[in-house]
Amino acid sequence: MSRSTVNSAFLPYGRQQISRADIEAVRAVLESDWLTTGPAVAQFERAVAGFCGAAHAVAVASGTAALHTAYAACGVGPGDEVVVPAMTFAATANAVLYCGATPVFADVDPDTLLIDPAEVARRLTPRTRAVVAVDYAGQPADYPALRQLVRGRGIRLVADACHSLGAQQEGRRTGTLAELTVFSFHPVKQITTGEGGMVVTDDPRAAAFMRSFRNHGIDTDHRGRGAKNTWEYAMTFLGHNYRMSDINCALGSSQMTRLPEFLARRRRLAALYDARFAASDAAKPLAVSEKNLSARHLYVVRLAEGADRRRVFEHMRGRGIGVNVHYLPVHLHPYYRERFATGPGLCPAAEAAYERILTLPLHPGMAEDDVDRVVAALEEAV
Ligand SMILES: *Cc1c(COP(=O)(O)O)cnc(C)c1O
């Protein structure tokens, strides 16, 4: 495993791990006939679907494209509402806007920062088309409660699992907890393809729609037409070019072989942080539910009462420690405030959490004594 971050001065909050085998897999595709819509795409899709235990997987250009594709497969369109958590990356809500629909922000549980099913229930209306849960920091949201809420109401349940590839809830992997599950392969996530995303589902009709949606709304792809010896194709609805290239997919398949190792390493480092914070009053980690095995994407702590977060942040950055803050609640971004007149008071738990949270470095290339260094710098700053 590459240890390039350990000796460098700056310890980022997240970082990819690229092996010789990854480079070799990409090189092999570059020397093959297919740079896009080739066999590496289906191979990567099978690897992720098989790992999750889901029937279908559709690879697309990014996690954001995957959200858009999943929402479109739910039939989200103008006039619809989609409930999303306030505490997430803006893309979760932005993709609702790409569909011409309206995002409705639900507050989160203050201990886990996962979407609060009781808050979702209060925001359902006859226009609600879908509910989106975000597996914040890597642990699955409360899917049993969310499934109960949407059951029999014609509302689709989508998992934004961009943080949680490899997480489990009551023994089931992410990818099987909601009707449609979205993954991102950005370099800070559990595995990377540079840019890339995927939607996983057991619903064959949704999968067929999404294959077409990523390819302009056309009913076949280039390789499929070659196999059938025909030039004809039909565009049946307005889709996009959201295809993921074989170059990216080959990297993804190679990375998937090391996912168990990456997850084990993240969990080991998180357990070390947990042990350190059990004996410290500088900060408290977020709670992880007993029914969940987190994929440990982010290690988020809540700073002690009275700590000045900006000063802690600056002190740690000054020590070469890449702390970060995930996230400003989406409804507080200027774009949303101006367009939807959202603002403070809409989701008080997310807003209060935002004032105190700090993301500490966590990625498979970190050394165990980096954890000590981070916690020591945090205690010094607080
Ligand atoms: C990373 C991320 C996305 C977007 O994924 P990209 O691949 O960067 O487009 C969406 N939602 C969440 C919660 C994310 O963390």
# chains A, B, ... in the order shown; residues from 1 in each chain; ligands from 1
call {"tool": "residues_near_ligand", "arguments": {"ligand": "ligand 1", "cutoff": "9 Å", "atoms": "only C-alpha atoms and all ligand atoms", "output": "VMD selection string"}}
result
chain A and resid 61 to 67 87 to 93 134 to 137 160 to 163 182 to 189 194 to 197 297
call {"tool": "closest_atom_pairs", "arguments": {"of": "range 242-340 of chain A", "to": "range 348-364 of chain A", "cutoff": "8 Å", "atoms": "only C-alpha atoms", "output": "tab-separated table"}}
result
residue	atom	partner	partner_atom	distance
A:Phe262	CA	A:Pro364	CA	5.6
A:Leu263	CA	A:Pro364	CA	7.9
A:Arg265	CA	A:Pro364	CA	5.4
A:Arg266	CA	A:Pro364	CA	5.7
A:Leu269	CA	A:Leu362	CA	7.2
A:Ala270	CA	A:Leu362	CA	7.5
A:His297	CA	A:Leu362	CA	7.4
A:Leu298	CA	A:Leu362	CA	6.4
A:Tyr299	CA	A:Leu360	CA	5.5
A:Val300	CA	A:Thr359	CA	4.4
A:Val301	CA	A:Leu358	CA	5.5
A:Arg302	CA	A:Ile357	CA	4.5
A:Leu303	CA	A:Arg356	CA	5.4
A:Ala304	CA	A:Arg356	CA	7.9
A:Arg309	CA	A:Arg356	CA	6.5
A:Phe313	CA	A:Leu358	CA	7.9
A:Ile321	CA	A:Pro361	CA	7.4
A:Gly322	CA	A:Pro361	CA	6.3
A:Val323	CA	A:Leu360	CA	5.0
A:Asn324	CA	A:Thr359	CA	5.0
A:Val325	CA	A:Leu358	CA	5.1
A:His326	CA	A:Thr359	CA	6.7
A:Tyr327	CA	A:Tyr354	CA	6.7
A:Leu328	CA	A:Tyr354	CA	6.2
A:Pro329	CA	A:Ala350	CA	6.4
call {"tool": "closest_residue", "arguments": {"among": "A:Gln17, A:Asn94, A:Thr128, A:Gln139", "to": "Glu290 in chain A", "atoms": "only C-alpha atoms"}}
result
A:Gln139
call {"tool": "select_by_dssp", "arguments": {"residues": "range 40-165 of chain A", "states": "helix (DSSP H, G or I)", "output": "NGL selection string"}}
result
:A and (40-52 or 63-73 or 91-98 or 117-123 or 136-138 or 143-150)
call {"tool": "atom_distance", "arguments": {"atom1": "CA of Ala279 in chain A", "atom2": "CA of Asp116 in chain A"}}
result
29.2 Å
call {"tool": "closest_residue", "arguments": {"among": "A:Ser294, A:Thr69, A:Asn229, A:Ser289", "to": "Asp111 in chain A", "atoms": "only C-alpha atoms"}}
result
A:Ser289
call {"tool": "select_by_dssp", "arguments": {"residues": "range 21-266 of chain A", "states": "strand (DSSP E)", "output": "VMD selection string"}}
result
chain A and resid 56 to 60 81 to 85 102 to 106 128 to 134 156 to 160 168 to 169 172 to 173 180 to 184 197 to 201
call {"tool": "atom_distance", "arguments": {"atom1": "CA of Ser32 in chain A", "atom2": "CA of Arg243 in chain A"}}
result
18.2 Å
call {"tool": "residues_around", "arguments": {"residues": "range 205-213 of chain A", "least_positions_apart": "6", "cutoff": "9 Å", "atoms": "only C-alpha atoms", "output": "PyMOL selection string"}}
result
chain A and resi 56-60+69-70+72-74+180+199+219-221+235-243
call {"tool": "write_last_selection", "arguments": {"atoms": "C-alpha atoms", "output": "JSON list (two decimals), in the first residue's frame"}}
result
[["chain", "number", "residue", "atom", "x", "y", "z"],
["A", 56, "HIS", "CA", -28.57, -4.23, -11.22],
["A", 57, "ALA", "CA", -25.98, -1.46, -11.33],
["A", 58, "VAL", "CA", -25.69, 1.42, -13.80],
["A", 59, "ALA", "CA", -22.37, 3.28, -14.00],
["A", 60, "VAL", "CA", -22.47, 7.02, -14.74],
["A", 69, "THR", "CA", -30.33, 9.55, -12.96],
["A", 70, "ALA", "CA", -31.88, 7.91, -9.88],
["A", 72, "ALA", "CA", -35.34, 10.66, -13.01],
["A", 73, "ALA", "CA", -35.93, 6.90, -12.66],
["A", 74, "CYS", "CA", -38.31, 7.69, -9.79],
["A", 180, "LEU", "CA", -32.32, 2.96, -5.53],
["A", 199, "VAL", "CA", -26.92, 3.60, -9.17],
["A", 219, "ASP", "CA", -32.67, 2.56, -26.65],
["A", 220, "THR", "CA", -29.36, 0.82, -27.54],
["A", 221, "ASP", "CA", -25.68, 1.63, -27.18],
["A", 235, "MET", "CA", -34.17, 8.17, -29.05],
["A", 236, "THR", "CA", -37.37, 7.83, -27.03],
["A", 237, "PHE", "CA", -36.96, 10.56, -24.37],
["A", 238, "LEU", "CA", -34.54, 13.36, -23.53],
["A", 239, "GLY", "CA", -31.56, 11.87, -21.72],
["A", 240, "HIS", "CA", -27.96, 12.97, -21.17],
["A", 241, "ASN", "CA", -24.43, 11.89, -21.91],
["A", 242, "TYR", "CA", -23.70, 10.58, -18.41],
["A", 243, "ARG", "CA", -21.65, 7.58, -19.60]]
call {"tool": "atom_distance", "arguments": {"atom1": "CA of Arg173 in chain A", "atom2": "CA of Ala47 in chain A"}}
result
14.0 Å
call {"tool": "residues_around", "arguments": {"residues": "Thr176 in chain A", "least_positions_apart": "4", "cutoff": "7 Å", "atoms": "only C-alpha atoms", "output": "number ranges by chain"}}
result
A: 52-54, 172
call {"tool": "write_last_selection", "arguments": {"atoms": "N, CA and C atoms", "output": "PDB file, in the first residue's frame"}}
result
ATOM      1  N   CYS A  52     -22.616  -5.604  -3.312  1.00  0.00           N
ATOM      2  CA  CYS A  52     -23.752  -5.114  -2.514  1.00  0.00           C
ATOM      3  C   CYS A  52     -24.821  -6.190  -2.323  1.00  0.00           C
ATOM      4  N   GLY A  53     -24.908  -7.130  -3.274  1.00  0.00           N
ATOM      5  CA  GLY A  53     -26.004  -8.089  -3.242  1.00  0.00           C
ATOM      6  C   GLY A  53     -27.243  -7.533  -3.915  1.00  0.00           C
ATOM      7  N   ALA A  54     -27.057  -6.652  -4.903  1.00  0.00           N
ATOM      8  CA  ALA A  54     -28.174  -6.067  -5.650  1.00  0.00           C
ATOM      9  C   ALA A  54     -28.193  -6.645  -7.062  1.00  0.00           C
ATOM     10  N   ARG A 172     -27.364  -6.226   6.339  1.00  0.00           N
ATOM     11  CA  ARG A 172     -27.559  -5.957   4.903  1.00  0.00           C
ATOM     12  C   ARG A 172     -26.649  -4.825   4.465  1.00  0.00           C
TER      13      ARG A 172
END
call {"tool": "residues_around", "arguments": {"residues": "range 335-347 of chain A", "least_positions_apart": "2", "cutoff": "8 Å", "atoms": "only C-alpha atoms", "output": "list in words"}}
result
Ala86, Phe105, Ala106, Asp107, Val108, Val330, His331, Leu332, His333, Ala349, Ala350 and Glu351 of chain A
